[in-house]
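Presented below is the structure to which this report refers.
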Amino acid sequence: MTEILKTAVVTTVQFGAVFQREDSLADEVKLTLKLNGRAVVTYVCSPCMRTELVYGYLYTEGLIKPWKQQVLIQEADGVVNAVVHETGLLPAPEPVSSDYCVTTELVLNRMAEFASAGNVFSKTGATHSAAISTQESLQCLAEDVSRSAAFEKALGCGYLKRIDASRSFVVVSSRVHSVFIRKAATAGFPIIAAVSAPTAKAAADAERLGICLCGFVRGERMNVYSNRWRLGL
């Protein structure tokens, strides 16, 4: 956490009183990811979990196969170069073939656990979170000032831990756009649960790609936008 947080003296106005205090702020860095020497994406993100971010990007773009490829990571001056053999064109995602189903109770319980796990957010209010839920537990929590980086870091952690995506689901604190759906399908996750709403394209793509998309998962309620059979509905 110390790598993510910075401290600053802020002036607070509260109930007519003015006072100074020390506060925690989320740090950010600019990070360019290269693939075999060619720049592919630039992030403004939190400075932690860079290895997970590299694996998460490559995994969710279909550029590495689960547990079958090692990546040589070279880092210098805000640039991370991933050396990967036998990469090809970015594939179009196929529908998720897993028959994985869960209960609505499991999704609601995991989201409640997830909502209370964001230590950096509780200190700064400035980060997004993502994690992977297996049948047994919540794993691979990632917090980042970038929602995309948080998502990729969590899934990259799952890759490194060899978590079976086909028997797991993703939870996120942000809205869900179509890129998340494409990346989840490429990695093979059959369910996404979010605190906030999806876009219309995300909901349509999730239906087409076999993903159960849940939004506004808060307390005892949720909206299910696609493939509700995965929740027994």
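In the structure tokens, chains take letters A, B, ... by order of appearance, with residues numbered from 1 within each chain and ligands from 1 in the order shown.
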
Quiz item: Counting only C-alpha atoms, what is within 10 Å of A:Phe189, bar same-chain residues fewer than 2 positions away, as a list in words?
Solution: Val96, Ser97, Ser98, Tyr100, Ile132, Leu155, Asp164, Ala165, Ser166, Arg167, Ser168, Phe169, Val170, Ile181, Lys183, Ala184, Ala185, Thr186, Ala187, Ile191, Ile192, Gly210, Ile211 and Cys212 of chain A

Could the residues in this selection be written to a file with C-alpha atoms, as a PDB file, in the first residue's frame?
```pdb
ATOM      1  CA  VAL A  96     -17.567 -18.515 -23.371  1.00  0.00           C
ATOM      2  CA  SER A  97     -18.136 -22.263 -23.503  1.00  0.00           C
ATOM      3  CA  SER A  98     -18.202 -22.906 -19.749  1.00  0.00           C
ATOM      4  CA  TYR A 100     -20.577 -22.532 -14.880  1.00  0.00           C
ATOM      5  CA  ILE A 132     -11.776 -12.715  -9.013  1.00  0.00           C
ATOM      6  CA  LEU A 155      -6.977 -10.982 -14.223  1.00  0.00           C
ATOM      7  CA  ASP A 164      -9.524 -21.513 -13.636  1.00  0.00           C
ATOM      8  CA  ALA A 165     -11.392 -18.673 -15.326  1.00  0.00           C
ATOM      9  CA  SER A 166     -14.139 -21.009 -16.540  1.00  0.00           C
ATOM     10  CA  ARG A 167     -15.142 -21.757 -12.914  1.00  0.00           C
ATOM     11  CA  SER A 168     -14.798 -18.218 -11.552  1.00  0.00           C
ATOM     12  CA  PHE A 169     -16.278 -14.760 -11.975  1.00  0.00           C
ATOM     13  CA  VAL A 170     -15.039 -11.179 -12.015  1.00  0.00           C
ATOM     14  CA  ILE A 181     -16.741  -7.889 -21.883  1.00  0.00           C
ATOM     15  CA  LYS A 183     -11.440  -9.132 -22.378  1.00  0.00           C
ATOM     16  CA  ALA A 184     -13.437 -11.323 -19.989  1.00  0.00           C
ATOM     17  CA  ALA A 185     -14.614 -13.483 -22.898  1.00  0.00           C
ATOM     18  CA  THR A 186     -11.071 -13.815 -24.246  1.00  0.00           C
ATOM     19  CA  ALA A 187      -9.885 -14.961 -20.815  1.00  0.00           C
ATOM     20  CA  ILE A 191     -19.833 -13.955 -15.195  1.00  0.00           C
ATOM     21  CA  ILE A 192     -19.114 -10.299 -14.380  1.00  0.00           C
ATOM     22  CA  GLY A 210     -22.295 -16.121 -23.183  1.00  0.00           C
ATOM     23  CA  ILE A 211     -21.444 -13.898 -20.213  1.00  0.00           C
ATOM     24  CA  CYS A 212     -23.880 -13.266 -17.374  1.00  0.00           C
TER      25      CYS A 212
END
```

How would you write, as a PDB file with N, CA and C atoms, in the first residue's frame, the set of residues in stretch 58-215 of chain A that DSSP gives as alpha helix (DSSP H)?
```pdb
ATOM      1  N   LEU A  58      -1.823  -9.041 -21.714  1.00  0.00           N
ATOM      2  CA  LEU A  58      -1.532 -10.086 -22.706  1.00  0.00           C
ATOM      3  C   LEU A  58      -2.577 -11.199 -22.665  1.00  0.00           C
ATOM      4  N   TYR A  59      -2.999 -11.574 -21.460  1.00  0.00           N
ATOM      5  CA  TYR A  59      -3.984 -12.644 -21.271  1.00  0.00           C
ATOM      6  C   TYR A  59      -5.336 -12.259 -21.847  1.00  0.00           C
ATOM      7  N   THR A  60      -5.796 -11.047 -21.533  1.00  0.00           N
ATOM      8  CA  THR A  60      -7.131 -10.640 -21.963  1.00  0.00           C
ATOM      9  C   THR A  60      -7.179 -10.180 -23.416  1.00  0.00           C
ATOM     10  N   THR A 104     -27.513 -16.475  -6.825  1.00  0.00           N
ATOM     11  CA  THR A 104     -27.528 -15.029  -6.609  1.00  0.00           C
ATOM     12  C   THR A 104     -26.947 -14.695  -5.236  1.00  0.00           C
ATOM     13  N   GLU A 105     -27.159 -15.573  -4.256  1.00  0.00           N
ATOM     14  CA  GLU A 105     -26.625 -15.339  -2.913  1.00  0.00           C
ATOM     15  C   GLU A 105     -25.107 -15.263  -2.929  1.00  0.00           C
ATOM     16  N   LEU A 106     -24.459 -16.131  -3.718  1.00  0.00           N
ATOM     17  CA  LEU A 106     -22.997 -16.106  -3.783  1.00  0.00           C
ATOM     18  C   LEU A 106     -22.510 -14.788  -4.370  1.00  0.00           C
ATOM     19  N   VAL A 107     -23.148 -14.319  -5.437  1.00  0.00           N
ATOM     20  CA  VAL A 107     -22.746 -13.056  -6.054  1.00  0.00           C
ATOM     21  C   VAL A 107     -22.917 -11.902  -5.069  1.00  0.00           C
ATOM     22  N   LEU A 108     -24.049 -11.856  -4.382  1.00  0.00           N
ATOM     23  CA  LEU A 108     -24.295 -10.770  -3.422  1.00  0.00           C
ATOM     24  C   LEU A 108     -23.312 -10.827  -2.251  1.00  0.00           C
ATOM     25  N   ASN A 109     -23.021 -12.018  -1.763  1.00  0.00           N
ATOM     26  CA  ASN A 109     -22.088 -12.148  -0.648  1.00  0.00           C
ATOM     27  C   ASN A 109     -20.672 -11.761  -1.045  1.00  0.00           C
ATOM     28  N   ARG A 110     -20.246 -12.174  -2.243  1.00  0.00           N
ATOM     29  CA  ARG A 110     -18.908 -11.819  -2.703  1.00  0.00           C
ATOM     30  C   ARG A 110     -18.779 -10.317  -2.911  1.00  0.00           C
ATOM     31  N   MET A 111     -19.856  -9.695  -3.427  1.00  0.00           N
ATOM     32  CA  MET A 111     -19.799  -8.247  -3.636  1.00  0.00           C
ATOM     33  C   MET A 111     -19.716  -7.516  -2.306  1.00  0.00           C
ATOM     34  N   ALA A 112     -20.420  -8.002  -1.296  1.00  0.00           N
ATOM     35  CA  ALA A 112     -20.333  -7.375   0.024  1.00  0.00           C
ATOM     36  C   ALA A 112     -18.916  -7.500   0.585  1.00  0.00           C
ATOM     37  N   GLU A 113     -18.303  -8.660   0.402  1.00  0.00           N
ATOM     38  CA  GLU A 113     -16.916  -8.852   0.833  1.00  0.00           C
ATOM     39  C   GLU A 113     -15.980  -7.953   0.043  1.00  0.00           C
ATOM     40  N   PHE A 114     -16.205  -7.870  -1.246  1.00  0.00           N
ATOM     41  CA  PHE A 114     -15.393  -7.049  -2.141  1.00  0.00           C
ATOM     42  C   PHE A 114     -15.489  -5.570  -1.770  1.00  0.00           C
ATOM     43  N   ALA A 115     -16.701  -5.112  -1.456  1.00  0.00           N
ATOM     44  CA  ALA A 115     -16.912  -3.694  -1.152  1.00  0.00           C
ATOM     45  C   ALA A 115     -16.154  -3.252   0.090  1.00  0.00           C
ATOM     46  N   ASN A 119      -8.794  -1.186   0.701  1.00  0.00           N
ATOM     47  CA  ASN A 119      -8.092  -0.381   1.695  1.00  0.00           C
ATOM     48  C   ASN A 119      -7.642   0.971   1.148  1.00  0.00           C
ATOM     49  N   VAL A 120      -7.160   0.999  -0.092  1.00  0.00           N
ATOM     50  CA  VAL A 120      -6.694   2.256  -0.673  1.00  0.00           C
ATOM     51  C   VAL A 120      -7.869   3.197  -0.912  1.00  0.00           C
ATOM     52  N   PHE A 121      -8.980   2.658  -1.409  1.00  0.00           N
ATOM     53  CA  PHE A 121     -10.160   3.494  -1.619  1.00  0.00           C
ATOM     54  C   PHE A 121     -10.649   4.086  -0.296  1.00  0.00           C
ATOM     55  N   SER A 122     -10.626   3.287   0.759  1.00  0.00           N
ATOM     56  CA  SER A 122     -11.108   3.782   2.048  1.00  0.00           C
ATOM     57  C   SER A 122     -10.249   4.929   2.566  1.00  0.00           C
ATOM     58  N   LYS A 123      -8.976   4.955   2.166  1.00  0.00           N
ATOM     59  CA  LYS A 123      -8.082   6.023   2.606  1.00  0.00           C
ATOM     60  C   LYS A 123      -8.094   7.238   1.676  1.00  0.00           C
ATOM     61  N   THR A 124      -8.414   7.026   0.393  1.00  0.00           N
ATOM     62  CA  THR A 124      -8.264   8.105  -0.590  1.00  0.00           C
ATOM     63  C   THR A 124      -9.545   8.445  -1.341  1.00  0.00           C
ATOM     64  N   ARG A 147      -9.584   2.242 -13.920  1.00  0.00           N
ATOM     65  CA  ARG A 147     -10.440   1.059 -13.815  1.00  0.00           C
ATOM     66  C   ARG A 147      -9.984  -0.050 -14.755  1.00  0.00           C
ATOM     67  N   SER A 148      -9.457   0.322 -15.931  1.00  0.00           N
ATOM     68  CA  SER A 148      -8.962  -0.692 -16.865  1.00  0.00           C
ATOM     69  C   SER A 148      -7.738  -1.396 -16.307  1.00  0.00           C
ATOM     70  N   ALA A 149      -6.839  -0.638 -15.688  1.00  0.00           N
ATOM     71  CA  ALA A 149      -5.645  -1.237 -15.101  1.00  0.00           C
ATOM     72  C   ALA A 149      -6.018  -2.145 -13.934  1.00  0.00           C
ATOM     73  N   ALA A 150      -6.985  -1.730 -13.111  1.00  0.00           N
ATOM     74  CA  ALA A 150      -7.424  -2.586 -12.006  1.00  0.00           C
ATOM     75  C   ALA A 150      -7.959  -3.909 -12.531  1.00  0.00           C
ATOM     76  N   PHE A 151      -8.765  -3.847 -13.584  1.00  0.00           N
ATOM     77  CA  PHE A 151      -9.342  -5.038 -14.197  1.00  0.00           C
ATOM     78  C   PHE A 151      -8.241  -5.962 -14.717  1.00  0.00           C
ATOM     79  N   GLU A 152      -7.285  -5.406 -15.457  1.00  0.00           N
ATOM     80  CA  GLU A 152      -6.236  -6.231 -16.036  1.00  0.00           C
ATOM     81  C   GLU A 152      -5.277  -6.765 -14.974  1.00  0.00           C
ATOM     82  N   LYS A 153      -5.024  -5.983 -13.928  1.00  0.00           N
ATOM     83  CA  LYS A 153      -4.160  -6.467 -12.848  1.00  0.00           C
ATOM     84  C   LYS A 153      -4.796  -7.656 -12.133  1.00  0.00           C
ATOM     85  N   ALA A 154      -6.096  -7.579 -11.874  1.00  0.00           N
ATOM     86  CA  ALA A 154      -6.772  -8.691 -11.207  1.00  0.00           C
ATOM     87  C   ALA A 154      -6.721  -9.951 -12.061  1.00  0.00           C
ATOM     88  N   LEU A 155      -6.987  -9.813 -13.354  1.00  0.00           N
ATOM     89  CA  LEU A 155      -6.977 -10.982 -14.223  1.00  0.00           C
ATOM     90  C   LEU A 155      -5.565 -11.488 -14.471  1.00  0.00           C
ATOM     91  N   GLY A 156      -4.590 -10.577 -14.489  1.00  0.00           N
ATOM     92  CA  GLY A 156      -3.199 -11.006 -14.594  1.00  0.00           C
ATOM     93  C   GLY A 156      -2.764 -11.781 -13.370  1.00  0.00           C
ATOM     94  N   CYS A 157      -3.227 -11.354 -12.202  1.00  0.00           N
ATOM     95  CA  CYS A 157      -2.967 -12.099 -10.972  1.00  0.00           C
ATOM     96  C   CYS A 157      -3.581 -13.494 -11.061  1.00  0.00           C
ATOM     97  N   GLY A 158      -4.790 -13.573 -11.604  1.00  0.00           N
ATOM     98  CA  GLY A 158      -5.435 -14.867 -11.780  1.00  0.00           C
ATOM     99  C   GLY A 158      -4.650 -15.787 -12.695  1.00  0.00           C
ATOM    100  N   TYR A 159      -4.094 -15.201 -13.749  1.00  0.00           N
ATOM    101  CA  TYR A 159      -3.244 -15.976 -14.662  1.00  0.00           C
ATOM    102  C   TYR A 159      -2.034 -16.536 -13.910  1.00  0.00           C
ATOM    103  N   LEU A 160      -1.361 -15.686 -13.154  1.00  0.00           N
ATOM    104  CA  LEU A 160      -0.158 -16.113 -12.449  1.00  0.00           C
ATOM    105  C   LEU A 160      -0.467 -17.125 -11.352  1.00  0.00           C
ATOM    106  N   LYS A 161      -1.664 -17.044 -10.768  1.00  0.00           N
ATOM    107  CA  LYS A 161      -2.072 -18.001  -9.735  1.00  0.00           C
ATOM    108  C   LYS A 161      -2.719 -19.255 -10.320  1.00  0.00           C
ATOM    109  N   SER A 178     -17.860  -2.227 -23.039  1.00  0.00           N
ATOM    110  CA  SER A 178     -17.726  -3.391 -23.917  1.00  0.00           C
ATOM    111  C   SER A 178     -16.320  -3.975 -23.926  1.00  0.00           C
ATOM    112  N   VAL A 179     -15.294  -3.161 -23.654  1.00  0.00           N
ATOM    113  CA  VAL A 179     -13.925  -3.683 -23.620  1.00  0.00           C
ATOM    114  C   VAL A 179     -13.772  -4.709 -22.504  1.00  0.00           C
ATOM    115  N   PHE A 180     -14.383  -4.454 -21.349  1.00  0.00           N
ATOM    116  CA  PHE A 180     -14.338  -5.432 -20.262  1.00  0.00           C
ATOM    117  C   PHE A 180     -14.967  -6.756 -20.696  1.00  0.00           C
ATOM    118  N   ILE A 181     -16.064  -6.674 -21.420  1.00  0.00           N
ATOM    119  CA  ILE A 181     -16.741  -7.889 -21.883  1.00  0.00           C
ATOM    120  C   ILE A 181     -15.838  -8.657 -22.842  1.00  0.00           C
ATOM    121  N   ARG A 182     -15.240  -7.960 -23.787  1.00  0.00           N
ATOM    122  CA  ARG A 182     -14.346  -8.625 -24.745  1.00  0.00           C
ATOM    123  C   ARG A 182     -13.186  -9.292 -24.027  1.00  0.00           C
ATOM    124  N   LYS A 183     -12.590  -8.582 -23.087  1.00  0.00           N
ATOM    125  CA  LYS A 183     -11.440  -9.132 -22.378  1.00  0.00           C
ATOM    126  C   LYS A 183     -11.831 -10.311 -21.488  1.00  0.00           C
ATOM    127  N   ALA A 184     -12.974 -10.212 -20.819  1.00  0.00           N
ATOM    128  CA  ALA A 184     -13.437 -11.323 -19.989  1.00  0.00           C
ATOM    129  C   ALA A 184     -13.717 -12.555 -20.840  1.00  0.00           C
ATOM    130  N   ALA A 185     -14.336 -12.356 -22.009  1.00  0.00           N
ATOM    131  CA  ALA A 185     -14.614 -13.483 -22.898  1.00  0.00           C
ATOM    132  C   ALA A 185     -13.325 -14.113 -23.411  1.00  0.00           C
ATOM    133  N   THR A 186     -12.353 -13.294 -23.769  1.00  0.00           N
ATOM    134  CA  THR A 186     -11.071 -13.815 -24.246  1.00  0.00           C
ATOM    135  C   THR A 186     -10.395 -14.658 -23.176  1.00  0.00           C
ATOM    136  N   ALA A 187     -10.482 -14.209 -21.919  1.00  0.00           N
ATOM    137  CA  ALA A 187      -9.885 -14.961 -20.815  1.00  0.00           C
ATOM    138  C   ALA A 187     -10.735 -16.150 -20.385  1.00  0.00           C
ATOM    139  N   ALA A 200     -24.968  -0.064 -22.947  1.00  0.00           N
ATOM    140  CA  ALA A 200     -25.856  -0.878 -23.784  1.00  0.00           C
ATOM    141  C   ALA A 200     -25.061  -1.873 -24.618  1.00  0.00           C
ATOM    142  N   LYS A 201     -23.927  -1.435 -25.171  1.00  0.00           N
ATOM    143  CA  LYS A 201     -23.110  -2.336 -25.980  1.00  0.00           C
ATOM    144  C   LYS A 201     -22.525  -3.457 -25.124  1.00  0.00           C
ATOM    145  N   ALA A 202     -22.131  -3.137 -23.878  1.00  0.00           N
ATOM    146  CA  ALA A 202     -21.603  -4.171 -22.998  1.00  0.00           C
ATOM    147  C   ALA A 202     -22.660  -5.247 -22.746  1.00  0.00           C
ATOM    148  N   ALA A 203     -23.905  -4.823 -22.510  1.00  0.00           N
ATOM    149  CA  ALA A 203     -24.979  -5.786 -22.256  1.00  0.00           C
ATOM    150  C   ALA A 203     -25.244  -6.649 -23.489  1.00  0.00           C
ATOM    151  N   ALA A 204     -25.256  -6.024 -24.660  1.00  0.00           N
ATOM    152  CA  ALA A 204     -25.485  -6.784 -25.892  1.00  0.00           C
ATOM    153  C   ALA A 204     -24.343  -7.748 -26.177  1.00  0.00           C
ATOM    154  N   ASP A 205     -23.112  -7.285 -25.988  1.00  0.00           N
ATOM    155  CA  ASP A 205     -21.960  -8.162 -26.226  1.00  0.00           C
ATOM    156  C   ASP A 205     -21.915  -9.304 -25.224  1.00  0.00           C
ATOM    157  N   ALA A 206     -22.281  -9.031 -23.976  1.00  0.00           N
ATOM    158  CA  ALA A 206     -22.298 -10.088 -22.968  1.00  0.00           C
ATOM    159  C   ALA A 206     -23.302 -11.173 -23.331  1.00  0.00           C
ATOM    160  N   GLU A 207     -24.470 -10.786 -23.831  1.00  0.00           N
ATOM    161  CA  GLU A 207     -25.465 -11.762 -24.266  1.00  0.00           C
ATOM    162  C   GLU A 207     -24.920 -12.616 -25.397  1.00  0.00           C
ATOM    163  N   ARG A 208     -24.282 -11.985 -26.350  1.00  0.00           N
ATOM    164  CA  ARG A 208     -23.752 -12.701 -27.520  1.00  0.00           C
ATOM    165  C   ARG A 208     -22.593 -13.616 -27.146  1.00  0.00           C
TER     166      ARG A 208
END
```

Practice problem: Just the strand (DSSP E) stuff from stretch 70-149 of chain A, please, per backbone DSSP, written as a VMD selection string. | Solution: chain A and resid 72 to 76 79 to 83 128 to 133 138 to 144

Restricting the output to N, CA and C atoms, write the selected residues as a PDB file, in the first residue's frame.
```
ATOM      1  N   LEU A  72       9.129 -12.491 -20.615  1.00  0.00           N
ATOM      2  CA  LEU A  72      10.289 -11.769 -20.119  1.00  0.00           C
ATOM      3  C   LEU A  72       9.921 -10.301 -20.035  1.00  0.00           C
ATOM      4  N   ILE A  73       9.992  -9.727 -18.830  1.00  0.00           N
ATOM      5  CA  ILE A  73       9.573  -8.348 -18.616  1.00  0.00           C
ATOM      6  C   ILE A  73      10.801  -7.489 -18.366  1.00  0.00           C
ATOM      7  N   GLN A  74      10.965  -6.464 -19.206  1.00  0.00           N
ATOM      8  CA  GLN A  74      12.071  -5.522 -19.079  1.00  0.00           C
ATOM      9  C   GLN A  74      11.483  -4.148 -18.785  1.00  0.00           C
ATOM     10  N   GLU A  75      11.974  -3.483 -17.731  1.00  0.00           N
ATOM     11  CA  GLU A  75      11.382  -2.213 -17.317  1.00  0.00           C
ATOM     12  C   GLU A  75      12.451  -1.156 -17.123  1.00  0.00           C
ATOM     13  N   ALA A  76      12.184   0.044 -17.666  1.00  0.00           N
ATOM     14  CA  ALA A  76      13.098   1.172 -17.479  1.00  0.00           C
ATOM     15  C   ALA A  76      12.386   2.465 -17.845  1.00  0.00           C
ATOM     16  N   VAL A  79       8.721   2.607 -18.999  1.00  0.00           N
ATOM     17  CA  VAL A  79       8.395   1.735 -20.126  1.00  0.00           C
ATOM     18  C   VAL A  79       8.603   0.289 -19.693  1.00  0.00           C
ATOM     19  N   VAL A  80       7.599  -0.546 -19.940  1.00  0.00           N
ATOM     20  CA  VAL A  80       7.706  -1.974 -19.676  1.00  0.00           C
ATOM     21  C   VAL A  80       7.636  -2.699 -21.011  1.00  0.00           C
ATOM     22  N   ASN A  81       8.676  -3.463 -21.326  1.00  0.00           N
ATOM     23  CA  ASN A  81       8.699  -4.226 -22.568  1.00  0.00           C
ATOM     24  C   ASN A  81       8.486  -5.696 -22.242  1.00  0.00           C
ATOM     25  N   ALA A  82       7.453  -6.284 -22.835  1.00  0.00           N
ATOM     26  CA  ALA A  82       7.155  -7.704 -22.650  1.00  0.00           C
ATOM     27  C   ALA A  82       7.654  -8.465 -23.874  1.00  0.00           C
ATOM     28  N   VAL A  83       8.553  -9.381 -23.644  1.00  0.00           N
ATOM     29  CA  VAL A  83       9.098 -10.197 -24.729  1.00  0.00           C
ATOM     30  C   VAL A  83       8.350 -11.522 -24.728  1.00  0.00           C
ATOM     31  N   HIS A 128     -10.349   2.547  -8.282  1.00  0.00           N
ATOM     32  CA  HIS A 128     -11.275   1.499  -8.691  1.00  0.00           C
ATOM     33  C   HIS A 128     -10.711   0.166  -8.226  1.00  0.00           C
ATOM     34  N   SER A 129     -11.571  -0.840  -8.174  1.00  0.00           N
ATOM     35  CA  SER A 129     -11.140  -2.159  -7.732  1.00  0.00           C
ATOM     36  C   SER A 129     -11.680  -3.233  -8.664  1.00  0.00           C
ATOM     37  N   ALA A 130     -10.966  -4.348  -8.707  1.00  0.00           N
ATOM     38  CA  ALA A 130     -11.427  -5.545  -9.403  1.00  0.00           C
ATOM     39  C   ALA A 130     -10.868  -6.749  -8.670  1.00  0.00           C
ATOM     40  N   ALA A 131     -11.558  -7.867  -8.772  1.00  0.00           N
ATOM     41  CA  ALA A 131     -11.102  -9.090  -8.117  1.00  0.00           C
ATOM     42  C   ALA A 131     -11.724 -10.279  -8.830  1.00  0.00           C
ATOM     43  N   ILE A 132     -11.244 -11.460  -8.483  1.00  0.00           N
ATOM     44  CA  ILE A 132     -11.776 -12.715  -9.013  1.00  0.00           C
ATOM     45  C   ILE A 132     -12.399 -13.488  -7.857  1.00  0.00           C
ATOM     46  N   SER A 133     -13.590 -13.999  -8.081  1.00  0.00           N
ATOM     47  CA  SER A 133     -14.227 -14.861  -7.096  1.00  0.00           C
ATOM     48  C   SER A 133     -14.227 -16.291  -7.600  1.00  0.00           C
ATOM     49  N   LEU A 138     -12.774 -14.904  -2.382  1.00  0.00           N
ATOM     50  CA  LEU A 138     -12.432 -13.752  -3.199  1.00  0.00           C
ATOM     51  C   LEU A 138     -10.914 -13.661  -3.292  1.00  0.00           C
ATOM     52  N   GLN A 139     -10.381 -13.528  -4.497  1.00  0.00           N
ATOM     53  CA  GLN A 139      -8.940 -13.520  -4.696  1.00  0.00           C
ATOM     54  C   GLN A 139      -8.541 -12.405  -5.660  1.00  0.00           C
ATOM     55  N   CYS A 140      -7.247 -12.115  -5.653  1.00  0.00           N
ATOM     56  CA  CYS A 140      -6.626 -11.232  -6.646  1.00  0.00           C
ATOM     57  C   CYS A 140      -7.204  -9.816  -6.650  1.00  0.00           C
ATOM     58  N   LEU A 141      -7.459  -9.274  -5.476  1.00  0.00           N
ATOM     59  CA  LEU A 141      -7.949  -7.899  -5.404  1.00  0.00           C
ATOM     60  C   LEU A 141      -6.893  -6.940  -5.934  1.00  0.00           C
ATOM     61  N   ALA A 142      -7.297  -6.070  -6.844  1.00  0.00           N
ATOM     62  CA  ALA A 142      -6.415  -5.036  -7.385  1.00  0.00           C
ATOM     63  C   ALA A 142      -7.120  -3.697  -7.292  1.00  0.00           C
ATOM     64  N   GLU A 143      -6.416  -2.693  -6.773  1.00  0.00           N
ATOM     65  CA  GLU A 143      -6.936  -1.330  -6.706  1.00  0.00           C
ATOM     66  C   GLU A 143      -6.049  -0.433  -7.559  1.00  0.00           C
ATOM     67  N   ASP A 144      -6.665   0.459  -8.306  1.00  0.00           N
ATOM     68  CA  ASP A 144      -5.893   1.316  -9.200  1.00  0.00           C
ATOM     69  C   ASP A 144      -6.679   2.576  -9.505  1.00  0.00           C
TER      70      ASP A 144
END
```

Practice problem: Skip stretch 6-10 of chain A itself and residues of its chain fewer than 4 positions away, then list as a list in words all residues within 7 Å of it, counting only C-alpha atoms. | Solution: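 Residues meeting the cut-off are Gln20, Arg21, Glu22, Asp23, Ser24, Leu25, Ala26 and Asp27 of chain A.
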
Exercise. May I ask for the distance between atom CA of A:Cys101 and atom CA of A:Gly232, given in Å to one decimal place?
Key: 7.2 Å

Practice problem: Have a look at A:Leu231, A:Leu209, A:Val41, A:Leu5 and name the one nearest to A:Ala126; count only C-alpha atoms. | Solution: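 Once distances to A:Ala126 are computed over only C-alpha atoms, the minimum belongs to A:Leu5.
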